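For reference, the structure is listed below as structure tokens.
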Amino acid sequence: RAQAQAQDRWLDSELFGDDQEQRRHTTVFSHIPPFIDSPNESSGYFPLAKPVRLNLLERMSQAGVKHWFCGHYHRNAGGTYKDVEVITTGAVGANIATDPNGDRLGLSGMGEITGAEDLSGFRIVRVSSKGISH
């Protein structure tokens with residue numbers, strides 16, 4: 001609990017620091033995505049727990065974050081919360097196919113390991129004075 005509180009204080013100092021007005025872009029990177037498809041989806045193995053997710057997303061939105069890049073899911077996914085776009089990028093080597101009979105948010109939703117040119121885990125991100133694109 002103490003470690004989580006310390007991390008929250010650190011995050012808020014970074015998000016809402018004295019230099020916030022001078023920033024052009026604030027972008028967040030994390031391993032675990034806040035959600036897979038929707039901010040209001042259930043908690044699961046792959047996304048953050050819903051109460052944690054909603055708290056973080058709201059803070060990101062208030063701080064002017066526009067992009068949150070993630071991994072962990074081994075598939076491409078994402079969506080938006082207010083003005084925050086969540087972008088989850090698949091793995092570079094191999095991705096996990098989704099098992100339609102399983103829970104997409106959990107381990108039972110993992111199908112076979114697959115690799116193909118159109119499933120590359122590389123994502124090119126371009127940053128300019130006008131914005132960020134991917």
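Each chain in the structure tokens gets a letter, A, B, ..., in the order shown, and its residues are numbered from 1; ligands are numbered from 1 in order too.
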
Compile the contact shell of range 62-70 of chain A as a ChimeraX atom specification: residues with an atom at most 7 Å away, counting only C-alpha atoms, same-chain residues fewer than 6 positions apart removed.
-> /A:15-16,26-33,83-89

Would you output that residue set with all heavy atoms, as a short mmCIF file (atom, residue, chain, number, x, y, z; two decimals), in the first residue's frame?
data_model
loop_
_atom_site.label_atom_id
_atom_site.label_comp_id
_atom_site.auth_asym_id
_atom_site.auth_seq_id
_atom_site.Cartn_x
_atom_site.Cartn_y
_atom_site.Cartn_z
N LEU A 15 2.79 14.25 -13.87
CA LEU A 15 1.66 14.68 -14.71
C LEU A 15 1.30 16.15 -14.52
O LEU A 15 0.95 16.84 -15.48
CB LEU A 15 0.43 13.82 -14.41
CG LEU A 15 0.46 12.37 -14.87
CD1 LEU A 15 -0.78 11.63 -14.37
CD2 LEU A 15 0.55 12.27 -16.39
N PHE A 16 1.35 16.61 -13.29
CA PHE A 16 0.87 17.96 -12.98
C PHE A 16 1.98 18.88 -12.48
O PHE A 16 1.73 19.83 -11.76
CB PHE A 16 -0.25 17.86 -11.92
CG PHE A 16 -1.40 17.01 -12.34
CD1 PHE A 16 -1.56 15.73 -11.82
CD2 PHE A 16 -2.31 17.44 -13.28
CE1 PHE A 16 -2.61 14.91 -12.22
CE2 PHE A 16 -3.37 16.63 -13.69
CZ PHE A 16 -3.52 15.38 -13.16
N THR A 26 2.28 15.24 -23.77
CA THR A 26 2.58 14.32 -22.68
C THR A 26 2.06 12.96 -23.10
O THR A 26 0.87 12.80 -23.37
CB THR A 26 1.93 14.75 -21.35
OG1 THR A 26 2.38 16.07 -21.02
CG2 THR A 26 2.29 13.80 -20.23
N THR A 27 2.97 12.00 -23.19
CA THR A 27 2.64 10.65 -23.65
C THR A 27 3.06 9.66 -22.57
O THR A 27 4.10 9.83 -21.95
CB THR A 27 3.38 10.34 -24.97
OG1 THR A 27 2.99 11.33 -25.93
CG2 THR A 27 3.04 8.98 -25.50
N VAL A 28 2.25 8.64 -22.36
CA VAL A 28 2.52 7.65 -21.33
C VAL A 28 2.84 6.31 -22.00
O VAL A 28 2.23 5.96 -23.02
CB VAL A 28 1.30 7.50 -20.40
CG1 VAL A 28 1.48 6.35 -19.42
CG2 VAL A 28 1.05 8.80 -19.66
N PHE A 29 3.80 5.59 -21.42
CA PHE A 29 4.15 4.24 -21.86
C PHE A 29 4.07 3.33 -20.65
O PHE A 29 4.55 3.67 -19.57
CB PHE A 29 5.58 4.19 -22.41
CG PHE A 29 5.77 4.99 -23.67
CD1 PHE A 29 6.03 6.35 -23.61
CD2 PHE A 29 5.68 4.38 -24.90
CE1 PHE A 29 6.20 7.10 -24.76
CE2 PHE A 29 5.86 5.12 -26.07
CZ PHE A 29 6.11 6.49 -25.99
N SER A 30 3.45 2.17 -20.82
CA SER A 30 3.42 1.17 -19.75
C SER A 30 3.38 -0.21 -20.38
O SER A 30 3.03 -0.36 -21.55
CB SER A 30 2.20 1.37 -18.84
OG SER A 30 1.00 1.07 -19.51
N HIS A 31 3.72 -1.20 -19.58
CA HIS A 31 3.64 -2.56 -20.09
C HIS A 31 2.19 -3.02 -20.17
O HIS A 31 1.71 -3.43 -21.22
CB HIS A 31 4.46 -3.51 -19.22
CG HIS A 31 4.41 -4.92 -19.71
ND1 HIS A 31 5.07 -5.33 -20.83
CD2 HIS A 31 3.73 -6.00 -19.24
CE1 HIS A 31 4.81 -6.62 -21.05
NE2 HIS A 31 4.01 -7.05 -20.10
N ILE A 32 1.49 -2.93 -19.08
CA ILE A 32 0.11 -3.42 -19.01
C ILE A 32 -0.84 -2.32 -19.47
O ILE A 32 -0.78 -1.20 -18.98
CB ILE A 32 -0.24 -3.89 -17.59
CG1 ILE A 32 0.68 -5.05 -17.20
CG2 ILE A 32 -1.71 -4.30 -17.48
CD1 ILE A 32 0.51 -5.53 -15.78
N PRO A 33 -1.75 -2.63 -20.40
CA PRO A 33 -2.71 -1.62 -20.86
C PRO A 33 -3.80 -1.39 -19.82
O PRO A 33 -4.16 -2.31 -19.08
CB PRO A 33 -3.29 -2.24 -22.14
CG PRO A 33 -3.15 -3.70 -21.96
CD PRO A 33 -1.90 -3.90 -21.14
N ASP A 83 -10.32 12.02 -23.99
CA ASP A 83 -9.37 12.43 -25.03
C ASP A 83 -8.06 11.64 -24.99
O ASP A 83 -7.09 12.01 -25.66
CB ASP A 83 -9.08 13.92 -24.91
CG ASP A 83 -8.69 14.34 -23.50
OD1 ASP A 83 -8.76 13.49 -22.58
OD2 ASP A 83 -8.32 15.51 -23.30
N VAL A 84 -8.03 10.55 -24.25
CA VAL A 84 -6.84 9.71 -24.14
C VAL A 84 -7.00 8.49 -25.05
O VAL A 84 -7.91 7.68 -24.85
CB VAL A 84 -6.59 9.24 -22.69
CG1 VAL A 84 -5.34 8.36 -22.62
CG2 VAL A 84 -6.49 10.41 -21.74
N GLU A 85 -6.12 8.36 -26.05
CA GLU A 85 -6.13 7.17 -26.90
C GLU A 85 -5.19 6.14 -26.31
O GLU A 85 -4.02 6.43 -26.04
CB GLU A 85 -5.68 7.52 -28.32
CG GLU A 85 -5.70 6.32 -29.24
CD GLU A 85 -5.19 6.61 -30.64
OE1 GLU A 85 -4.60 7.70 -30.87
OE2 GLU A 85 -5.35 5.74 -31.51
N VAL A 86 -5.68 4.93 -26.10
CA VAL A 86 -4.86 3.82 -25.62
C VAL A 86 -4.51 2.96 -26.82
O VAL A 86 -5.39 2.52 -27.56
CB VAL A 86 -5.62 3.00 -24.54
CG1 VAL A 86 -4.84 1.75 -24.16
CG2 VAL A 86 -5.89 3.87 -23.32
N ILE A 87 -3.20 2.74 -26.99
CA ILE A 87 -2.71 1.98 -28.14
C ILE A 87 -1.91 0.79 -27.61
O ILE A 87 -0.86 0.97 -26.99
CB ILE A 87 -1.79 2.84 -29.03
CG1 ILE A 87 -2.50 4.13 -29.47
CG2 ILE A 87 -1.30 2.04 -30.23
CD1 ILE A 87 -2.12 5.33 -28.67
N THR A 88 -2.41 -0.41 -27.83
CA THR A 88 -1.72 -1.62 -27.39
C THR A 88 -1.13 -2.29 -28.63
O THR A 88 -1.86 -2.59 -29.58
CB THR A 88 -2.68 -2.56 -26.66
OG1 THR A 88 -3.23 -1.87 -25.54
CG2 THR A 88 -1.97 -3.81 -26.18
N THR A 89 0.17 -2.51 -28.59
CA THR A 89 0.88 -3.07 -29.74
C THR A 89 1.28 -4.50 -29.46
O THR A 89 1.77 -4.82 -28.37
CB THR A 89 2.13 -2.22 -30.04
OG1 THR A 89 1.71 -0.87 -30.28
CG2 THR A 89 2.89 -2.74 -31.25
#

Using only C-alpha atoms, which residues sit within 12 Å of Asp37 in chain A once same-chain residues fewer than 3 positions away are excluded, as an mmCIF file with all heavy atoms, in the first residue's frame?
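See result-v4.cif below for the written result:
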data_model
loop_
_atom_site.group_PDB
_atom_site.id
_atom_site.type_symbol
_atom_site.label_atom_id
_atom_site.label_comp_id
_atom_site.auth_asym_id
_atom_site.auth_seq_id
_atom_site.Cartn_x
_atom_site.Cartn_y
_atom_site.Cartn_z
ATOM 1 N N PRO A 33 -1.749 -2.631 -20.400
ATOM 2 C CA PRO A 33 -2.706 -1.620 -20.856
ATOM 3 C C PRO A 33 -3.800 -1.392 -19.816
ATOM 4 O O PRO A 33 -4.163 -2.306 -19.077
ATOM 5 C CB PRO A 33 -3.293 -2.235 -22.137
ATOM 6 C CG PRO A 33 -3.145 -3.702 -21.957
ATOM 7 C CD PRO A 33 -1.901 -3.903 -21.137
ATOM 8 N N PRO A 34 -4.347 -0.180 -19.763
ATOM 9 C CA PRO A 34 -5.448 0.045 -18.832
ATOM 10 C C PRO A 34 -6.678 -0.790 -19.214
ATOM 11 O O PRO A 34 -7.394 -1.276 -18.346
ATOM 12 C CB PRO A 34 -5.729 1.536 -18.947
ATOM 13 C CG PRO A 34 -5.145 1.951 -20.257
ATOM 14 C CD PRO A 34 -3.997 1.020 -20.512
ATOM 15 N N ASN A 40 -14.682 0.623 -19.794
ATOM 16 C CA ASN A 40 -15.668 0.066 -18.868
ATOM 17 C C ASN A 40 -15.735 -1.454 -18.863
ATOM 18 O O ASN A 40 -16.594 -2.021 -18.199
ATOM 19 C CB ASN A 40 -17.051 0.654 -19.171
ATOM 20 C CG ASN A 40 -17.080 2.134 -18.840
ATOM 21 O OD1 ASN A 40 -16.643 2.544 -17.770
ATOM 22 N ND2 ASN A 40 -17.546 2.936 -19.772
ATOM 23 N N GLU A 41 -14.823 -2.116 -19.581
ATOM 24 C CA GLU A 41 -14.828 -3.577 -19.580
ATOM 25 C C GLU A 41 -14.454 -4.107 -18.196
ATOM 26 O O GLU A 41 -13.935 -3.375 -17.338
ATOM 27 C CB GLU A 41 -13.874 -4.116 -20.647
ATOM 28 C CG GLU A 41 -12.410 -3.861 -20.336
ATOM 29 C CD GLU A 41 -11.498 -4.040 -21.544
ATOM 30 O OE1 GLU A 41 -11.977 -4.105 -22.684
ATOM 31 O OE2 GLU A 41 -10.274 -4.088 -21.339
ATOM 32 N N SER A 42 -14.676 -5.386 -17.986
ATOM 33 C CA SER A 42 -14.357 -6.031 -16.710
ATOM 34 C C SER A 42 -12.853 -6.061 -16.480
ATOM 35 O O SER A 42 -12.063 -5.892 -17.400
ATOM 36 C CB SER A 42 -14.876 -7.472 -16.707
ATOM 37 O OG SER A 42 -16.260 -7.496 -16.918
ATOM 38 N N SER A 43 -12.474 -6.313 -15.259
ATOM 39 C CA SER A 43 -11.068 -6.573 -14.942
ATOM 40 C C SER A 43 -10.704 -7.937 -15.513
ATOM 41 O O SER A 43 -11.578 -8.771 -15.748
ATOM 42 C CB SER A 43 -10.858 -6.583 -13.425
ATOM 43 O OG SER A 43 -11.163 -5.326 -12.872
ATOM 44 N N PHE A 46 -5.246 -9.433 -18.613
ATOM 45 C CA PHE A 46 -4.503 -8.532 -19.482
ATOM 46 C C PHE A 46 -4.666 -7.051 -19.135
ATOM 47 O O PHE A 46 -3.687 -6.316 -19.151
ATOM 48 C CB PHE A 46 -4.837 -8.798 -20.952
ATOM 49 C CG PHE A 46 -4.245 -10.086 -21.454
ATOM 50 C CD1 PHE A 46 -5.030 -11.200 -21.658
ATOM 51 C CD2 PHE A 46 -2.880 -10.186 -21.700
ATOM 52 C CE1 PHE A 46 -4.474 -12.395 -22.104
ATOM 53 C CE2 PHE A 46 -2.311 -11.378 -22.145
ATOM 54 C CZ PHE A 46 -3.111 -12.478 -22.354
ATOM 55 N N PRO A 47 -5.867 -6.534 -18.849
ATOM 56 C CA PRO A 47 -5.973 -5.116 -18.505
ATOM 57 C C PRO A 47 -5.768 -4.869 -17.006
ATOM 58 O O PRO A 47 -5.826 -5.796 -16.195
ATOM 59 C CB PRO A 47 -7.414 -4.779 -18.909
ATOM 60 C CG PRO A 47 -8.163 -6.046 -18.673
ATOM 61 C CD PRO A 47 -7.185 -7.157 -19.030
ATOM 62 N N TYR A 73 -0.371 -7.560 -24.131
ATOM 63 C CA TYR A 73 -1.493 -8.331 -24.677
ATOM 64 C C TYR A 73 -1.076 -9.263 -25.816
ATOM 65 O O TYR A 73 -1.788 -10.196 -26.148
ATOM 66 C CB TYR A 73 -2.573 -7.357 -25.133
ATOM 67 C CG TYR A 73 -3.895 -7.960 -25.494
ATOM 68 C CD1 TYR A 73 -4.575 -8.800 -24.625
ATOM 69 C CD2 TYR A 73 -4.487 -7.658 -26.710
ATOM 70 C CE1 TYR A 73 -5.806 -9.331 -24.960
ATOM 71 C CE2 TYR A 73 -5.723 -8.184 -27.051
ATOM 72 C CZ TYR A 73 -6.371 -9.024 -26.172
ATOM 73 O OH TYR A 73 -7.607 -9.547 -26.512
ATOM 74 N N ARG A 75 -1.218 -8.782 -28.830
ATOM 75 C CA ARG A 75 -2.142 -8.525 -29.938
ATOM 76 C C ARG A 75 -2.319 -7.016 -30.021
ATOM 77 O O ARG A 75 -2.127 -6.316 -29.028
ATOM 78 C CB ARG A 75 -3.508 -9.177 -29.686
ATOM 79 C CG ARG A 75 -3.465 -10.696 -29.761
ATOM 80 C CD ARG A 75 -4.664 -11.313 -29.095
ATOM 81 N NE ARG A 75 -4.323 -11.546 -27.687
ATOM 82 C CZ ARG A 75 -5.067 -12.243 -26.841
ATOM 83 N NH1 ARG A 75 -6.204 -12.769 -27.236
ATOM 84 N NH2 ARG A 75 -4.690 -12.416 -25.594
ATOM 85 N N ASN A 76 -2.705 -6.517 -31.165
ATOM 86 C CA ASN A 76 -3.028 -5.101 -31.269
ATOM 87 C C ASN A 76 -4.426 -4.879 -30.713
ATOM 88 O O ASN A 76 -5.333 -5.689 -30.930
ATOM 89 C CB ASN A 76 -2.964 -4.635 -32.724
ATOM 90 C CG ASN A 76 -1.545 -4.626 -33.252
ATOM 91 O OD1 ASN A 76 -0.594 -4.340 -32.525
ATOM 92 N ND2 ASN A 76 -1.389 -4.930 -34.525
ATOM 93 N N ALA A 77 -4.589 -3.802 -29.984
ATOM 94 C CA ALA A 77 -5.886 -3.471 -29.394
ATOM 95 C C ALA A 77 -5.874 -1.992 -29.035
ATOM 96 O O ALA A 77 -4.880 -1.302 -29.231
ATOM 97 C CB ALA A 77 -6.148 -4.333 -28.152
ATOM 98 N N GLY A 78 -6.962 -1.531 -28.480
ATOM 99 C CA GLY A 78 -6.992 -0.153 -28.007
ATOM 100 C C GLY A 78 -8.363 0.468 -28.096
ATOM 101 O O GLY A 78 -9.341 -0.157 -28.509
ATOM 102 N N GLY A 79 -8.418 1.705 -27.694
ATOM 103 C CA GLY A 79 -9.657 2.471 -27.678
ATOM 104 C C GLY A 79 -9.385 3.825 -27.058
ATOM 105 O O GLY A 79 -8.234 4.235 -26.915
ATOM 106 N N THR A 80 -10.444 4.502 -26.667
ATOM 107 C CA THR A 80 -10.276 5.827 -26.091
ATOM 108 C C THR A 80 -11.063 5.981 -24.799
ATOM 109 O O THR A 80 -12.084 5.325 -24.594
ATOM 110 C CB THR A 80 -10.725 6.937 -27.059
ATOM 111 O OG1 THR A 80 -12.089 6.702 -27.419
ATOM 112 C CG2 THR A 80 -9.873 6.981 -28.304
ATOM 113 N N TYR A 81 -10.532 6.847 -23.957
ATOM 114 C CA TYR A 81 -11.213 7.318 -22.759
ATOM 115 C C TYR A 81 -11.138 8.834 -22.829
ATOM 116 O O TYR A 81 -10.042 9.405 -22.806
ATOM 117 C CB TYR A 81 -10.523 6.810 -21.488
ATOM 118 C CG TYR A 81 -11.083 7.419 -20.230
ATOM 119 C CD1 TYR A 81 -12.199 6.866 -19.619
ATOM 120 C CD2 TYR A 81 -10.514 8.552 -19.655
ATOM 121 C CE1 TYR A 81 -12.738 7.426 -18.459
ATOM 122 C CE2 TYR A 81 -11.037 9.113 -18.509
ATOM 123 C CZ TYR A 81 -12.149 8.558 -17.918
ATOM 124 O OH TYR A 81 -12.681 9.126 -16.777
ATOM 125 N N GLU A 85 -6.123 8.356 -26.047
ATOM 126 C CA GLU A 85 -6.132 7.171 -26.903
ATOM 127 C C GLU A 85 -5.188 6.136 -26.311
ATOM 128 O O GLU A 85 -4.023 6.434 -26.036
ATOM 129 C CB GLU A 85 -5.685 7.523 -28.319
ATOM 130 C CG GLU A 85 -5.698 6.318 -29.244
ATOM 131 C CD GLU A 85 -5.186 6.615 -30.644
ATOM 132 O OE1 GLU A 85 -4.601 7.702 -30.865
ATOM 133 O OE2 GLU A 85 -5.352 5.740 -31.506
ATOM 134 N N VAL A 86 -5.681 4.934 -26.101
ATOM 135 C CA VAL A 86 -4.864 3.820 -25.617
ATOM 136 C C VAL A 86 -4.506 2.959 -26.818
ATOM 137 O O VAL A 86 -5.388 2.520 -27.562
ATOM 138 C CB VAL A 86 -5.621 3.003 -24.544
ATOM 139 C CG1 VAL A 86 -4.842 1.753 -24.160
ATOM 140 C CG2 VAL A 86 -5.895 3.872 -23.322
ATOM 141 N N ILE A 87 -3.204 2.739 -26.995
ATOM 142 C CA ILE A 87 -2.707 1.978 -28.138
ATOM 143 C C ILE A 87 -1.907 0.793 -27.608
ATOM 144 O O ILE A 87 -0.860 0.972 -26.992
ATOM 145 C CB ILE A 87 -1.788 2.843 -29.033
ATOM 146 C CG1 ILE A 87 -2.499 4.130 -29.466
ATOM 147 C CG2 ILE A 87 -1.298 2.044 -30.228
ATOM 148 C CD1 ILE A 87 -2.123 5.334 -28.666
ATOM 149 N N THR A 88 -2.407 -0.410 -27.829
ATOM 150 C CA THR A 88 -1.719 -1.620 -27.392
ATOM 151 C C THR A 88 -1.133 -2.289 -28.626
ATOM 152 O O THR A 88 -1.856 -2.587 -29.578
ATOM 153 C CB THR A 88 -2.678 -2.563 -26.658
ATOM 154 O OG1 THR A 88 -3.231 -1.866 -25.540
ATOM 155 C CG2 THR A 88 -1.973 -3.810 -26.178
ATOM 156 N N ARG A 104 -11.651 -12.925 -23.735
ATOM 157 C CA ARG A 104 -10.679 -12.062 -24.417
ATOM 158 C C ARG A 104 -9.772 -11.324 -23.429
ATOM 159 O O ARG A 104 -8.645 -10.988 -23.736
ATOM 160 C CB ARG A 104 -11.443 -11.067 -25.292
ATOM 161 C CG ARG A 104 -10.602 -10.158 -26.123
ATOM 162 C CD ARG A 104 -11.488 -9.441 -27.148
ATOM 163 N NE ARG A 104 -10.863 -8.278 -27.728
ATOM 164 C CZ ARG A 104 -9.979 -8.309 -28.705
ATOM 165 N NH1 ARG A 104 -9.597 -9.453 -29.218
ATOM 166 N NH2 ARG A 104 -9.471 -7.199 -29.188
ATOM 167 N N LEU A 105 -10.265 -11.062 -22.225
ATOM 168 C CA LEU A 105 -9.499 -10.323 -21.224
ATOM 169 C C LEU A 105 -8.638 -11.229 -20.357
ATOM 170 O O LEU A 105 -7.822 -10.754 -19.578
ATOM 171 C CB LEU A 105 -10.443 -9.519 -20.321
ATOM 172 C CG LEU A 105 -11.417 -8.588 -21.036
ATOM 173 C CD1 LEU A 105 -12.304 -7.888 -20.024
ATOM 174 C CD2 LEU A 105 -10.675 -7.591 -21.898
#

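Those residues of range 36-119 of chain A that DSSP, working from the backbone, places in helix (DSSP H, G or I) are A:Lys50, A:Pro51, A:Val52, A:Arg53, A:Leu54, A:Asn55, A:Leu56, A:Leu57, A:Glu58, A:Arg59, A:Met60, A:Ser61, A:Gln62, A:Leu107, A:Ser108, A:Gly109, A:Glu117, A:Asp118, A:Leu119.
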
Contacts of Ala97 in chain A at 9 Å or less, counting only C-alpha atoms, minus same-chain residues fewer than 2 places along, as a ChimeraX atom specification?
-> /A:74-75,95,99,109-114

As a check of understanding: the span from CA of Arg23 in chain A to CA of Asp8 in chain A is 20.7 Å

Please measure the separation of CA of Val125 in chain A and CA of Gly90 in chain A, giving the value in Å to one decimal.
-> 14.6 Å

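The closest residue to Leu56 in chain A, picked from A:Leu11, A:Leu107, A:Ile36, A:Ile132 and counting only C-alpha atoms, is A:Leu11.
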